[in-house]
file protein08.csv (CSV, C-alpha atoms)
chain,number,residue,atom,x,y,z
Z,1,MET,CA,-37.2,-1.7,2.9
Z,2,PRO,CA,-36.1,-0.6,6.4
Z,3,PRO,CA,-35.5,3.1,7.1
Z,4,ASP,CA,-32.1,4.5,6.4
Z,5,MET,CA,-29.6,4.4,9.3
Z,6,THR,CA,-28.8,7.8,10.8
Z,7,HIS,CA,-25.5,8.9,12.2
Z,8,SER,CA,-27.0,9.1,15.7
Z,9,SER,CA,-28.3,5.6,15.6
Z,10,PHE,CA,-25.0,4.3,14.2
Z,11,CYS,CA,-23.0,6.0,17.0
Z,12,ASN,CA,-25.4,4.8,19.7
Z,13,GLY,CA,-25.6,1.2,18.4
Z,14,ILE,CA,-22.3,0.2,17.0
Z,15,ARG,CA,-19.4,-0.5,19.3
Z,16,TYR,CA,-15.7,-1.3,18.8
Z,17,LYS,CA,-16.4,-4.9,19.8
Z,18,HIS,CA,-18.9,-5.0,16.8
Z,19,LEU,CA,-16.2,-3.7,14.5
Z,20,MET,CA,-13.8,-6.4,15.9
Z,21,LEU,CA,-16.4,-9.0,15.1
Z,22,ILE,CA,-16.9,-7.8,11.6
Z,23,ASP,CA,-13.1,-7.7,11.0
Z,24,THR,CA,-12.6,-11.2,12.5
Z,25,LEU,CA,-15.4,-12.8,10.5
Z,26,ALA,CA,-14.1,-11.1,7.3
Z,27,ARG,CA,-10.6,-12.6,7.9
Z,28,THR,CA,-11.8,-16.1,9.0
Z,29,ARG,CA,-15.0,-16.5,6.9
Z,30,ASN,CA,-16.0,-19.0,9.6
Z,31,MET,CA,-18.2,-18.6,12.6
Z,32,HIS,CA,-16.4,-21.2,14.8
Z,33,ALA,CA,-13.0,-19.8,14.0
Z,34,ALA,CA,-14.1,-16.2,14.7
Z,35,ALA,CA,-15.7,-17.2,18.0
Z,36,THR,CA,-12.4,-18.9,19.1
Z,37,ARG,CA,-10.3,-15.9,18.2
Z,38,MET,CA,-12.6,-13.6,20.1
Z,39,SER,CA,-12.9,-16.0,23.1
Z,40,LEU,CA,-16.7,-16.2,22.7
Z,41,THR,CA,-19.1,-19.1,22.4
Z,42,GLN,CA,-20.5,-19.6,18.9
Z,43,PRO,CA,-24.1,-18.8,20.0
Z,44,ALA,CA,-22.9,-15.6,21.6
Z,45,LEU,CA,-21.0,-14.5,18.5
Z,46,SER,CA,-24.0,-15.5,16.3
Z,47,LYS,CA,-26.3,-13.3,18.4
Z,48,MET,CA,-23.9,-10.4,18.3
Z,49,LEU,CA,-23.8,-10.6,14.5
Z,50,ARG,CA,-27.6,-10.6,14.3
Z,51,ASP,CA,-27.7,-7.5,16.5
Z,52,VAL,CA,-25.1,-5.8,14.4
Z,53,GLU,CA,-26.9,-6.6,11.2
Z,54,GLN,CA,-30.2,-5.4,12.7
Z,55,GLN,CA,-28.4,-2.1,13.5
Z,56,PHE,CA,-27.3,-1.7,9.9
Z,57,GLY,CA,-30.5,-2.9,8.5
Z,58,PHE,CA,-28.9,-5.4,6.1
Z,59,ALA,CA,-26.9,-8.6,6.1
Z,60,LEU,CA,-23.2,-8.3,6.2
Z,61,PHE,CA,-22.4,-11.9,5.4
Z,62,GLU,CA,-23.9,-14.7,3.4
Z,63,ARG,CA,-24.5,-17.9,5.4
Z,64,LEU,CA,-23.0,-20.6,3.2
Z,65,PRO,CA,-22.5,-24.2,4.1
Z,66,ARG,CA,-18.8,-24.0,4.5
Z,67,SER,CA,-18.0,-20.3,4.7
Z,68,MET,CA,-19.4,-16.8,5.3
Z,69,SER,CA,-18.8,-14.5,2.4
Z,70,PRO,CA,-19.3,-10.7,2.7
Z,71,THR,CA,-22.3,-9.3,0.9
Z,72,GLU,CA,-21.8,-6.3,-1.4
Z,73,LEU,CA,-22.8,-3.9,1.4
Z,74,GLY,CA,-20.8,-6.0,3.9
Z,75,ASP,CA,-17.6,-5.4,1.9
Z,76,HIS,CA,-18.1,-1.6,2.5
Z,77,VAL,CA,-18.7,-2.1,6.2
Z,78,ILE,CA,-15.7,-4.4,6.5
Z,79,ARG,CA,-13.4,-1.7,5.0
Z,80,PHE,CA,-14.8,0.9,7.5
Z,81,ALA,CA,-14.3,-1.5,10.4
Z,82,GLN,CA,-10.7,-2.3,9.5
Z,83,ASN,CA,-9.8,1.3,9.0
Z,84,ALA,CA,-11.5,2.3,12.3
Z,85,LEU,CA,-9.7,-0.5,14.2
Z,86,ALA,CA,-6.3,0.5,12.6
Z,87,GLU,CA,-6.9,4.1,13.6
Z,88,SER,CA,-7.8,3.0,17.2
Z,89,GLN,CA,-4.6,0.9,17.4
Z,90,GLN,CA,-2.6,3.8,16.3
Z,91,PHE,CA,-4.3,6.1,18.8
Z,92,VAL,CA,-3.5,3.7,21.6
Z,93,ASP,CA,0.1,3.4,20.5
Z,94,GLN,CA,0.4,7.2,20.3
Z,95,VAL,CA,-1.1,7.8,23.7
Z,96,ASN,CA,1.2,5.1,25.3
Z,97,ARG,CA,4.3,6.7,23.7
Z,98,LEU,CA,3.3,10.2,24.8
Z,99,ARG,CA,2.5,9.1,28.3
Z,100,ASN,CA,5.9,7.5,28.6
Z,101,GLY,CA,7.7,10.6,27.4
Z,102,GLY,CA,7.8,10.0,23.7
Z,103,HIS,CA,6.7,12.2,20.8
Z,104,GLY,CA,4.3,9.9,19.1
Z,105,CYS,CA,4.7,7.8,16.0
Z,106,LEU,CA,5.1,8.8,12.3
Z,107,ARG,CA,4.5,6.3,9.5
Z,108,VAL,CA,6.1,7.3,6.2
Z,109,GLY,CA,6.1,5.6,2.9
Z,110,GLY,CA,8.7,6.4,0.2
Z,111,ILE,CA,9.4,5.4,-3.3
Z,112,PHE,CA,12.9,4.1,-4.0
Z,113,ALA,CA,14.3,7.4,-5.3
Z,114,SER,CA,13.3,9.2,-2.1
Z,115,THR,CA,14.8,6.7,0.3
Z,116,ALA,CA,18.3,7.2,-1.2
Z,117,GLN,CA,18.7,10.8,0.1
Z,118,VAL,CA,15.6,12.9,0.6
Z,119,LEU,CA,13.9,10.7,3.2
Z,120,PRO,CA,17.0,9.8,5.3
Z,121,GLN,CA,18.0,13.4,5.5
Z,122,ALA,CA,14.6,14.5,6.7
Z,123,ILE,CA,14.5,11.7,9.3
Z,124,ALA,CA,17.9,12.7,10.6
Z,125,ALA,CA,16.7,16.4,10.9
Z,126,ILE,CA,13.5,15.6,12.7
Z,127,LYS,CA,15.1,13.1,15.0
Z,128,ALA,CA,17.6,15.7,16.0
Z,129,ARG,CA,14.7,17.8,17.3
Z,130,TYR,CA,12.6,15.0,18.7
Z,131,PRO,CA,14.8,12.0,19.6
Z,132,LEU,CA,11.9,10.0,21.0
Z,133,LEU,CA,9.7,10.3,17.9
Z,134,SER,CA,9.1,6.8,16.6
Z,135,ILE,CA,9.3,6.6,12.8
Z,136,GLU,CA,8.3,3.7,10.6
Z,137,VAL,CA,9.5,3.7,7.0
Z,138,ILE,CA,8.0,1.6,4.2
Z,139,GLU,CA,9.8,1.5,0.9
Z,140,GLN,CA,7.7,0.5,-2.0
Z,141,SER,CA,6.4,1.6,-5.4
Z,142,SER,CA,3.8,4.4,-5.6
Z,143,ASP,CA,0.9,2.1,-6.4
Z,144,HIS,CA,1.5,0.1,-3.2
Z,145,LEU,CA,2.1,3.2,-1.1
Z,146,LEU,CA,-1.1,4.9,-2.4
Z,147,ALA,CA,-3.1,1.8,-1.3
Z,148,LEU,CA,-1.6,1.9,2.2
Z,149,LEU,CA,-2.2,5.7,2.4
Z,150,GLU,CA,-5.9,5.1,1.4
Z,151,GLN,CA,-6.2,2.4,4.1
Z,152,LYS,CA,-4.7,4.9,6.6
Z,153,LYS,CA,-1.7,2.6,7.2
Z,154,LEU,CA,0.6,5.6,6.4
Z,155,ASP,CA,0.5,9.2,7.6
Z,156,ILE,CA,2.2,10.5,4.6
Z,157,MET,CA,4.0,9.1,1.5
Z,158,ILE,CA,6.7,10.4,-0.9
Z,159,GLY,CA,5.8,9.3,-4.4
Z,160,ARG,CA,3.5,10.2,-7.2
Z,161,PHE,CA,-0.1,9.5,-8.4
Z,162,THR,CA,-0.5,6.4,-10.6
Z,163,ASP,CA,-4.2,6.8,-11.4
Z,164,GLU,CA,-6.5,9.8,-12.0
Z,165,ARG,CA,-8.8,8.8,-9.2
Z,166,PHE,CA,-6.1,9.6,-6.6
Z,167,HIS,CA,-6.4,13.3,-7.4
Z,168,ALA,CA,-9.8,13.3,-5.6
Z,169,LEU,CA,-8.4,11.5,-2.6
Z,170,PHE,CA,-5.0,13.0,-1.9
Z,171,ASP,CA,-3.1,16.3,-1.9
Z,172,PHE,CA,0.2,16.5,-3.7
Z,173,GLN,CA,3.1,18.8,-2.9
Z,174,PRO,CA,6.0,18.5,-5.4
Z,175,LEU,CA,9.5,17.9,-4.3
Z,176,GLU,CA,11.8,17.3,-7.3
Z,177,PRO,CA,12.1,15.4,-10.6
Z,178,GLU,CA,13.4,11.8,-10.6
Z,179,PRO,CA,16.0,11.3,-13.4
Z,180,PHE,CA,16.9,7.7,-14.6
Z,181,SER,CA,20.1,6.1,-15.8
Z,182,LEU,CA,20.7,3.1,-18.0
Z,183,VAL,CA,23.6,1.3,-16.2
Z,184,VAL,CA,25.9,-1.6,-16.3
Z,185,ASN,CA,29.0,-2.6,-14.2
Z,186,HIS,CA,32.4,-1.1,-15.1
Z,187,SER,CA,33.6,-4.2,-16.9
Z,188,HIS,CA,30.6,-4.7,-19.1
Z,189,PRO,CA,31.5,-5.1,-22.8
Z,190,LEU,CA,29.0,-2.4,-23.8
Z,191,ASN,CA,31.2,0.2,-22.0
Z,192,THR,CA,33.6,0.2,-24.9
Z,193,GLN,CA,31.0,1.6,-27.3
Z,194,VAL,CA,30.6,5.3,-28.0
Z,195,SER,CA,27.0,4.9,-29.1
Z,196,ILE,CA,24.8,1.8,-28.5
Z,197,ASP,CA,22.0,0.7,-30.8
Z,198,PRO,CA,19.0,-0.1,-28.7
Z,199,ALA,CA,18.6,-3.4,-30.6
Z,200,ALA,CA,21.9,-4.6,-28.9
Z,201,LEU,CA,20.4,-4.3,-25.5
Z,202,GLY,CA,18.3,-7.4,-26.0
Z,203,ASP,CA,21.4,-9.5,-26.3
Z,204,TRP,CA,22.2,-9.0,-22.6
Z,205,PRO,CA,20.4,-10.0,-19.4
Z,206,TRP,CA,18.4,-7.4,-17.5
Z,207,VAL,CA,17.3,-6.6,-14.0
Z,208,LEU,CA,13.8,-5.2,-14.1
Z,209,TYR,CA,11.1,-3.9,-11.8
Z,210,PRO,CA,8.2,-6.3,-11.7
Z,211,VAL,CA,5.3,-6.1,-14.1
Z,212,GLY,CA,2.6,-3.7,-12.9
Z,213,THR,CA,4.9,-1.3,-11.1
Z,214,PRO,CA,4.9,2.3,-12.4
Z,215,ILE,CA,8.6,2.2,-13.4
Z,216,ARG,CA,8.2,-1.0,-15.3
Z,217,ASP,CA,5.2,0.4,-17.1
Z,218,ARG,CA,7.2,3.4,-18.2
Z,219,LEU,CA,10.1,1.2,-19.3
Z,220,GLU,CA,7.8,-1.0,-21.4
Z,221,GLN,CA,6.7,2.1,-23.2
Z,222,ALA,CA,10.3,3.2,-23.7
Z,223,PHE,CA,11.1,-0.2,-25.2
Z,224,LYS,CA,8.2,0.4,-27.7
Z,225,VAL,CA,9.4,3.9,-28.5
Z,226,VAL,CA,12.9,2.6,-29.6
Z,227,GLY,CA,11.3,-0.4,-31.3
Z,228,ILE,CA,12.6,-3.3,-29.2
Z,229,PRO,CA,10.8,-6.1,-27.3
Z,230,THR,CA,11.0,-6.5,-23.6
Z,231,PRO,CA,14.3,-8.4,-22.9
Z,232,PRO,CA,13.4,-12.1,-22.4
Z,233,ASP,CA,16.5,-12.8,-20.2
Z,234,SER,CA,15.6,-10.9,-17.1
Z,235,VAL,CA,15.3,-11.0,-13.3
Z,236,GLU,CA,12.4,-9.0,-11.6
Z,237,THR,CA,12.8,-7.4,-8.2
Z,238,VAL,CA,12.0,-4.3,-6.2
Z,239,SER,CA,15.1,-4.8,-3.9
Z,240,MET,CA,17.8,-2.3,-4.4
Z,241,SER,CA,20.4,-4.6,-2.9
Z,242,VAL,CA,19.5,-7.3,-5.4
Z,243,PHE,CA,19.7,-4.8,-8.2
Z,244,LEU,CA,23.2,-3.8,-7.1
Z,245,GLN,CA,24.5,-7.3,-6.5
Z,246,LEU,CA,23.3,-8.6,-9.8
Z,247,LEU,CA,24.7,-5.6,-11.7
Z,248,GLN,CA,28.1,-5.9,-10.0
Z,249,SER,CA,28.4,-9.7,-10.3
Z,250,ALA,CA,27.1,-10.3,-13.9
Z,251,PRO,CA,26.9,-8.5,-17.3
Z,252,MET,CA,23.4,-7.2,-16.7
Z,253,ILE,CA,21.6,-4.0,-17.6
Z,254,ALA,CA,19.2,-2.0,-15.5
Z,255,MET,CA,17.3,1.3,-15.7
Z,256,LEU,CA,17.4,2.9,-12.2
Z,257,PRO,CA,16.7,6.2,-10.5
Z,258,ARG,CA,19.9,8.1,-10.6
Z,259,SER,CA,19.7,9.2,-6.9
Z,260,MET,CA,19.7,5.5,-5.9
Z,261,ILE,CA,23.0,4.8,-7.7
Z,262,ALA,CA,24.8,8.1,-7.3
Z,263,ALA,CA,27.5,6.7,-5.1
Z,264,GLN,CA,28.2,3.7,-7.5
Z,265,LEU,CA,28.3,6.1,-10.5
Z,266,THR,CA,30.7,8.4,-8.7
Z,267,SER,CA,33.0,5.5,-7.7
Z,268,GLY,CA,33.0,4.0,-11.1
Z,269,LEU,CA,31.3,0.7,-10.0
Z,270,LEU,CA,28.5,1.4,-12.4
Z,271,LYS,CA,28.6,3.2,-15.8
Z,272,GLU,CA,25.9,4.9,-17.8
Z,273,LEU,CA,25.3,3.6,-21.3
Z,274,PRO,CA,25.1,6.1,-24.2
Z,275,CYS,CA,21.8,5.0,-25.7
Z,276,SER,CA,18.6,6.4,-27.0
Z,277,LEU,CA,16.6,4.3,-24.6
Z,278,THR,CA,15.7,6.8,-21.9
Z,279,LEU,CA,13.1,7.6,-19.3
Z,280,SER,CA,12.1,11.2,-19.0
Z,281,PRO,CA,12.3,12.5,-15.4
Z,282,LEU,CA,9.0,12.5,-13.5
Z,283,GLU,CA,8.3,14.7,-10.5
Z,284,TYR,CA,7.6,13.1,-7.2
Z,285,GLY,CA,6.3,14.7,-4.0
Z,286,VAL,CA,4.6,14.5,-0.6
Z,287,VAL,CA,1.2,12.9,-0.8
Z,288,THR,CA,-1.4,13.3,2.0
Z,289,ARG,CA,-5.1,12.5,2.5
Z,290,LYS,CA,-7.4,15.4,1.6
Z,291,ASP,CA,-9.3,17.2,4.3
Z,292,GLU,CA,-7.4,15.5,7.0
Z,293,THR,CA,-5.3,17.5,9.5
Z,294,LEU,CA,-1.8,16.2,9.9
Z,295,SER,CA,-0.3,15.7,13.4
Z,296,ALA,CA,2.2,18.3,14.5
Z,297,SER,CA,5.1,15.8,13.9
Z,298,ALA,CA,3.8,15.0,10.4
Z,299,ARG,CA,3.4,18.7,9.5
Z,300,LEU,CA,7.0,19.4,10.7
Z,301,PHE,CA,8.3,16.4,8.7
Z,302,VAL,CA,6.7,17.7,5.5
Z,303,ASP,CA,8.2,21.1,6.1
Z,304,ILE,CA,11.6,19.5,6.6
Z,305,LEU,CA,11.3,17.5,3.4
Z,306,ILE,CA,10.4,20.5,1.3
Z,307,GLU,CA,13.1,22.7,2.9
Z,308,GLY,CA,15.7,20.0,2.5
Z,309,VAL,CA,15.0,19.5,-1.2
Z,310,ARG,CA,14.9,23.3,-1.7
Z,311,ARG,CA,18.3,23.7,-0.1
Z,312,ARG,CA,19.8,20.8,-2.0
Z,313,GLY,CA,18.5,22.3,-5.3
Z,314,GLU,CA,20.2,25.6,-4.4
Z,315,TYR,CA,23.4,23.7,-3.6
Z,316,VAL,CA,23.4,21.8,-6.9
Z,317,THR,CA,22.7,25.0,-8.8
Z,318,TRP,CA,25.5,26.9,-7.1
Z,319,GLY,CA,27.8,24.0,-7.6
Z,320,ASP,CA,27.1,23.9,-11.3
Z,321,ARG,CA,27.7,27.6,-11.6
Z,322,PHE,CA,30.9,27.4,-9.7
Z,323,SER,CA,32.2,24.5,-11.8
Z,324,CYS,CA,31.5,26.4,-15.0
Z,325,ALA,CA,33.2,29.6,-13.8
call {"tool": "encode", "arguments": {"input": "protein08.csv", "output": "structure tokens"}}
result
Amino acid sequence: MPPDMTHSSFCNGIRYKHLMLIDTLARTRNMHAAATRMSLTQPALSKMLRDVEQQFGFALFERLPRSMSPTELGDHVIRFAQNALAESQQFVDQVNRLRNGGHGCLRVGGIFASTAQVLPQAIAAIKARYPLLSIEVIEQSSDHLLALLEQKKLDIMIGRFTDERFHALFDFQPLEPEPFSLVVNHSHPLNTQVSIDPAALGDWPWVLYPVGTPIRDRLEQAFKVVGIPTPPDSVETVSMSVFLQLLQSAPMIAMLPRSMIAAQLTSGLLKELPCSLTLSPLEYGVVTRKDETLSASARLFVDILIEGVRRRGEYVTWGDRFSCA
């Protein structure tokens, strides 16, 4: 067995062009296709791959008749190469923006509840201070956002942990609980009832989050608690606009974060159903990678998020007190 690779030998031997080769081969699984994409001859690419594997001391890809599949160790190297290339691209983009008078780039992921109020308010606040700060927002469920954060495709995310292993990878700063509402449109026949038997819910079509998403998992558990099966007549989506269009145009039922439908509930377009089928609120917060220093803009954004939620909580509390006086 060859001697272990040292950090010094790795830094001296591996170049970004080698990482590009590893990434390109991983994506194409074909020597000729990879050579074409990298504008190299196939012999030149083959020699470069041999040199890289010699540096690592093991094969990165299996040479099969019609493809090149990563070895077990190769998979680990591929993930490193792709993360390093993603970081280098972000670095280049940041430098170019800063050189041209900008304030860098911030990539933020948010669960659906956060994008209704918390995230837009924080974006407006930080853009008022730094108009040239470029902000990319990705709205998804927590499981998808955690994968993007782990791959360093996000700087921060607003969501929650979906698996125990994430506690070792990320830090969590709580923001607020996320209450849910069981809703229908204002003309739905169920609105005439004072109390609804959960069994009656299965007689109507539903709009559901897709199987495997955290909200869907919790809803499936809630169905079991009240002793009803998952409604067979359903549409699955993560799109808020699709949820709202379906709810408003058909006698459908949905369980949604209350912050996402606050305006529709206030206007009367949607109504909450009085039913024992409920989801208890879960706290969500700011998730960042452990032992990694945030950029100045990311740190400021986190501070703005936390302060904005604190002030909103004070406003709601004071409003409640005032209304009860």
call {"tool": "atom_distance", "arguments": {"input": "protein08.csv", "atom1": "CA of Ser141 (chain Z)", "atom2": "CA of Ile111 (chain Z)"}}
result
5.3 Å
call {"tool": "closest_residue", "arguments": {"input": "protein08.csv", "among": "Z:Ser187, Z:Thr41, Z:Gln117, Z:Thr24", "to": "Gly268 (chain Z)", "atoms": "only C-alpha atoms"}}
result
Z:Ser187
call {"tool": "closest_residue", "arguments": {"input": "protein08.csv", "among": "Z:Ala26, Z:Met5, Z:Ile261, Z:Leu154", "to": "Gln54 (chain Z)", "atoms": "all atoms listed in the file"}}
result
Z:Met5
call {"tool": "closest_residue", "arguments": {"input": "protein08.csv", "among": "Z:Arg66, Z:Arg37, Z:Arg312, Z:Arg258", "to": "Leu25 (chain Z)", "atoms": "all atoms listed in the file"}}
result
Z:Arg37
call {"tool": "residues_around", "arguments": {"input": "protein08.csv", "residues": "Val118 (chain Z)", "least_positions_apart": "2", "cutoff": "10 Å", "atoms": "only C-alpha atoms", "output": "ChimeraX atom specification"}}
result
/Z:110,113-116,120-123,158,175-176,259,304-306,308-309,312
call {"tool": "residues_around", "arguments": {"input": "protein08.csv", "residues": "region 275-283 of chain Z", "least_positions_apart": "6", "cutoff": "9 Å", "atoms": "only C-alpha atoms", "output": "list of chain:residue names"}}
result
Z:Gly159, Z:Arg160, Z:Pro174, Z:Leu175, Z:Glu176, Z:Pro177, Z:Glu178, Z:Pro179, Z:Phe180, Z:Ser181, Z:Leu182, Z:Ser195, Z:Ile196, Z:Asp197, Z:Pro198, Z:Arg218, Z:Leu219, Z:Ala222, Z:Phe223, Z:Val225, Z:Val226, Z:Met255
call {"tool": "closest_residue", "arguments": {"input": "protein08.csv", "among": "Z:Ser69, Z:Gln264, Z:Ser249, Z:Asn30", "to": "Leu45 (chain Z)", "atoms": "all atoms listed in the file"}}
result
Z:Asn30
call {"tool": "residues_near_point", "arguments": {"input": "protein08.csv", "point": "(-7.8, 14.7, 4.8)", "cutoff": "12 Å", "atoms": "all atoms listed in the file", "output": "count of residues only"}}
result
19
call {"tool": "closest_residue", "arguments": {"input": "protein08.csv", "among": "Z:Pro43, Z:Arg311, Z:Ala84, Z:Asp143", "to": "Asp217 (chain Z)", "atoms": "all atoms listed in the file"}}
result
Z:Asp143
call {"tool": "atom_distance", "arguments": {"input": "protein08.csv", "atom1": "CA of Asp75 (chain Z)", "atom2": "CA of Val108 (chain Z)"}}
result
27.2 Å
call {"tool": "residues_near_point", "arguments": {"input": "protein08.csv", "point": "(-9.8, -2.9, 8.7)", "cutoff": "12 Å", "atoms": "all atoms listed in the file", "output": "mmCIF file with C-alpha atoms, keeping the file's coordinate frame"}}
result
data_model
loop_
_atom_site.group_PDB
_atom_site.id
_atom_site.type_symbol
_atom_site.label_atom_id
_atom_site.label_comp_id
_atom_site.auth_asym_id
_atom_site.auth_seq_id
_atom_site.Cartn_x
_atom_site.Cartn_y
_atom_site.Cartn_z
ATOM 1 C CA TYR Z 16 -15.700 -1.300 18.800
ATOM 2 C CA LEU Z 19 -16.200 -3.700 14.500
ATOM 3 C CA MET Z 20 -13.800 -6.400 15.900
ATOM 4 C CA LEU Z 21 -16.400 -9.000 15.100
ATOM 5 C CA ILE Z 22 -16.900 -7.800 11.600
ATOM 6 C CA ASP Z 23 -13.100 -7.700 11.000
ATOM 7 C CA THR Z 24 -12.600 -11.200 12.500
ATOM 8 C CA LEU Z 25 -15.400 -12.800 10.500
ATOM 9 C CA ALA Z 26 -14.100 -11.100 7.300
ATOM 10 C CA ARG Z 27 -10.600 -12.600 7.900
ATOM 11 C CA ASP Z 75 -17.600 -5.400 1.900
ATOM 12 C CA HIS Z 76 -18.100 -1.600 2.500
ATOM 13 C CA VAL Z 77 -18.700 -2.100 6.200
ATOM 14 C CA ILE Z 78 -15.700 -4.400 6.500
ATOM 15 C CA ARG Z 79 -13.400 -1.700 5.000
ATOM 16 C CA PHE Z 80 -14.800 0.900 7.500
ATOM 17 C CA ALA Z 81 -14.300 -1.500 10.400
ATOM 18 C CA GLN Z 82 -10.700 -2.300 9.500
ATOM 19 C CA ASN Z 83 -9.800 1.300 9.000
ATOM 20 C CA ALA Z 84 -11.500 2.300 12.300
ATOM 21 C CA LEU Z 85 -9.700 -0.500 14.200
ATOM 22 C CA ALA Z 86 -6.300 0.500 12.600
ATOM 23 C CA GLU Z 87 -6.900 4.100 13.600
ATOM 24 C CA SER Z 88 -7.800 3.000 17.200
ATOM 25 C CA GLN Z 89 -4.600 0.900 17.400
ATOM 26 C CA LEU Z 148 -1.600 1.900 2.200
ATOM 27 C CA GLU Z 150 -5.900 5.100 1.400
ATOM 28 C CA GLN Z 151 -6.200 2.400 4.100
ATOM 29 C CA LYS Z 152 -4.700 4.900 6.600
ATOM 30 C CA LYS Z 153 -1.700 2.600 7.200
#
call {"tool": "atom_distance", "arguments": {"input": "protein08.csv", "atom1": "CA of Ala262 (chain Z)", "atom2": "CA of Val184 (chain Z)"}}
result
13.3 Å
call {"tool": "closest_residue", "arguments": {"input": "protein08.csv", "among": "Z:Arg216, Z:Phe301, Z:Gln221, Z:Asn185", "to": "Leu244 (chain Z)", "atoms": "all atoms listed in the file"}}
result
Z:Asn185
call {"tool": "build_atoms", "arguments": {"input": "protein08.csv", "residues": "region 217-228 of chain Z", "atoms": "N, CA, C and O atoms", "output": "PDB file, in the coordinates of the input"}}
result
ATOM      1  N   ASP Z 217       6.093  -0.043 -16.095  1.00  0.00           N
ATOM      2  CA  ASP Z 217       5.200   0.400 -17.100  1.00  0.00           C
ATOM      3  C   ASP Z 217       5.816   1.436 -18.048  1.00  0.00           C
ATOM      4  O   ASP Z 217       5.663   1.398 -19.279  1.00  0.00           O
ATOM      5  N   ARG Z 218       6.540   2.354 -17.440  1.00  0.00           N
ATOM      6  CA  ARG Z 218       7.200   3.400 -18.200  1.00  0.00           C
ATOM      7  C   ARG Z 218       8.326   2.807 -19.076  1.00  0.00           C
ATOM      8  O   ARG Z 218       8.545   3.230 -20.214  1.00  0.00           O
ATOM      9  N   LEU Z 219       9.036   1.836 -18.516  1.00  0.00           N
ATOM     10  CA  LEU Z 219      10.100   1.200 -19.300  1.00  0.00           C
ATOM     11  C   LEU Z 219       9.587   0.413 -20.454  1.00  0.00           C
ATOM     12  O   LEU Z 219      10.179   0.414 -21.535  1.00  0.00           O
ATOM     13  N   GLU Z 220       8.445  -0.267 -20.241  1.00  0.00           N
ATOM     14  CA  GLU Z 220       7.800  -1.000 -21.400  1.00  0.00           C
ATOM     15  C   GLU Z 220       7.483  -0.042 -22.492  1.00  0.00           C
ATOM     16  O   GLU Z 220       7.660  -0.361 -23.674  1.00  0.00           O
ATOM     17  N   GLN Z 221       6.983   1.136 -22.139  1.00  0.00           N
ATOM     18  CA  GLN Z 221       6.700   2.100 -23.200  1.00  0.00           C
ATOM     19  C   GLN Z 221       7.928   2.619 -23.856  1.00  0.00           C
ATOM     20  O   GLN Z 221       7.937   2.834 -25.075  1.00  0.00           O
ATOM     21  N   ALA Z 222       9.011   2.776 -23.080  1.00  0.00           N
ATOM     22  CA  ALA Z 222      10.300   3.200 -23.700  1.00  0.00           C
ATOM     23  C   ALA Z 222      10.817   2.165 -24.641  1.00  0.00           C
ATOM     24  O   ALA Z 222      11.383   2.512 -25.689  1.00  0.00           O
ATOM     25  N   PHE Z 223      10.657   0.883 -24.316  1.00  0.00           N
ATOM     26  CA  PHE Z 223      11.100  -0.200 -25.200  1.00  0.00           C
ATOM     27  C   PHE Z 223      10.305  -0.038 -26.578  1.00  0.00           C
ATOM     28  O   PHE Z 223      10.890  -0.183 -27.652  1.00  0.00           O
ATOM     29  N   LYS Z 224       9.011   0.241 -26.481  1.00  0.00           N
ATOM     30  CA  LYS Z 224       8.200   0.400 -27.700  1.00  0.00           C
ATOM     31  C   LYS Z 224       8.656   1.579 -28.528  1.00  0.00           C
ATOM     32  O   LYS Z 224       8.680   1.525 -29.761  1.00  0.00           O
ATOM     33  N   VAL Z 225       9.016   2.669 -27.845  1.00  0.00           N
ATOM     34  CA  VAL Z 225       9.400   3.900 -28.500  1.00  0.00           C
ATOM     35  C   VAL Z 225      10.671   3.619 -29.409  1.00  0.00           C
ATOM     36  O   VAL Z 225      10.778   4.103 -30.545  1.00  0.00           O
ATOM     37  N   VAL Z 226      11.629   2.857 -28.867  1.00  0.00           N
ATOM     38  CA  VAL Z 226      12.900   2.600 -29.600  1.00  0.00           C
ATOM     39  C   VAL Z 226      12.728   1.324 -30.489  1.00  0.00           C
ATOM     40  O   VAL Z 226      13.673   0.931 -31.178  1.00  0.00           O
ATOM     41  N   GLY Z 227      11.552   0.665 -30.432  1.00  0.00           N
ATOM     42  CA  GLY Z 227      11.300  -0.400 -31.300  1.00  0.00           C
ATOM     43  C   GLY Z 227      11.927  -1.758 -30.966  1.00  0.00           C
ATOM     44  O   GLY Z 227      12.300  -2.539 -31.853  1.00  0.00           O
ATOM     45  N   ILE Z 228      12.065  -2.043 -29.654  1.00  0.00           N
ATOM     46  CA  ILE Z 228      12.600  -3.300 -29.200  1.00  0.00           C
ATOM     47  C   ILE Z 228      11.661  -4.019 -28.285  1.00  0.00           C
ATOM     48  O   ILE Z 228      10.899  -3.359 -27.564  1.00  0.00           O
TER      49      ILE Z 228
END
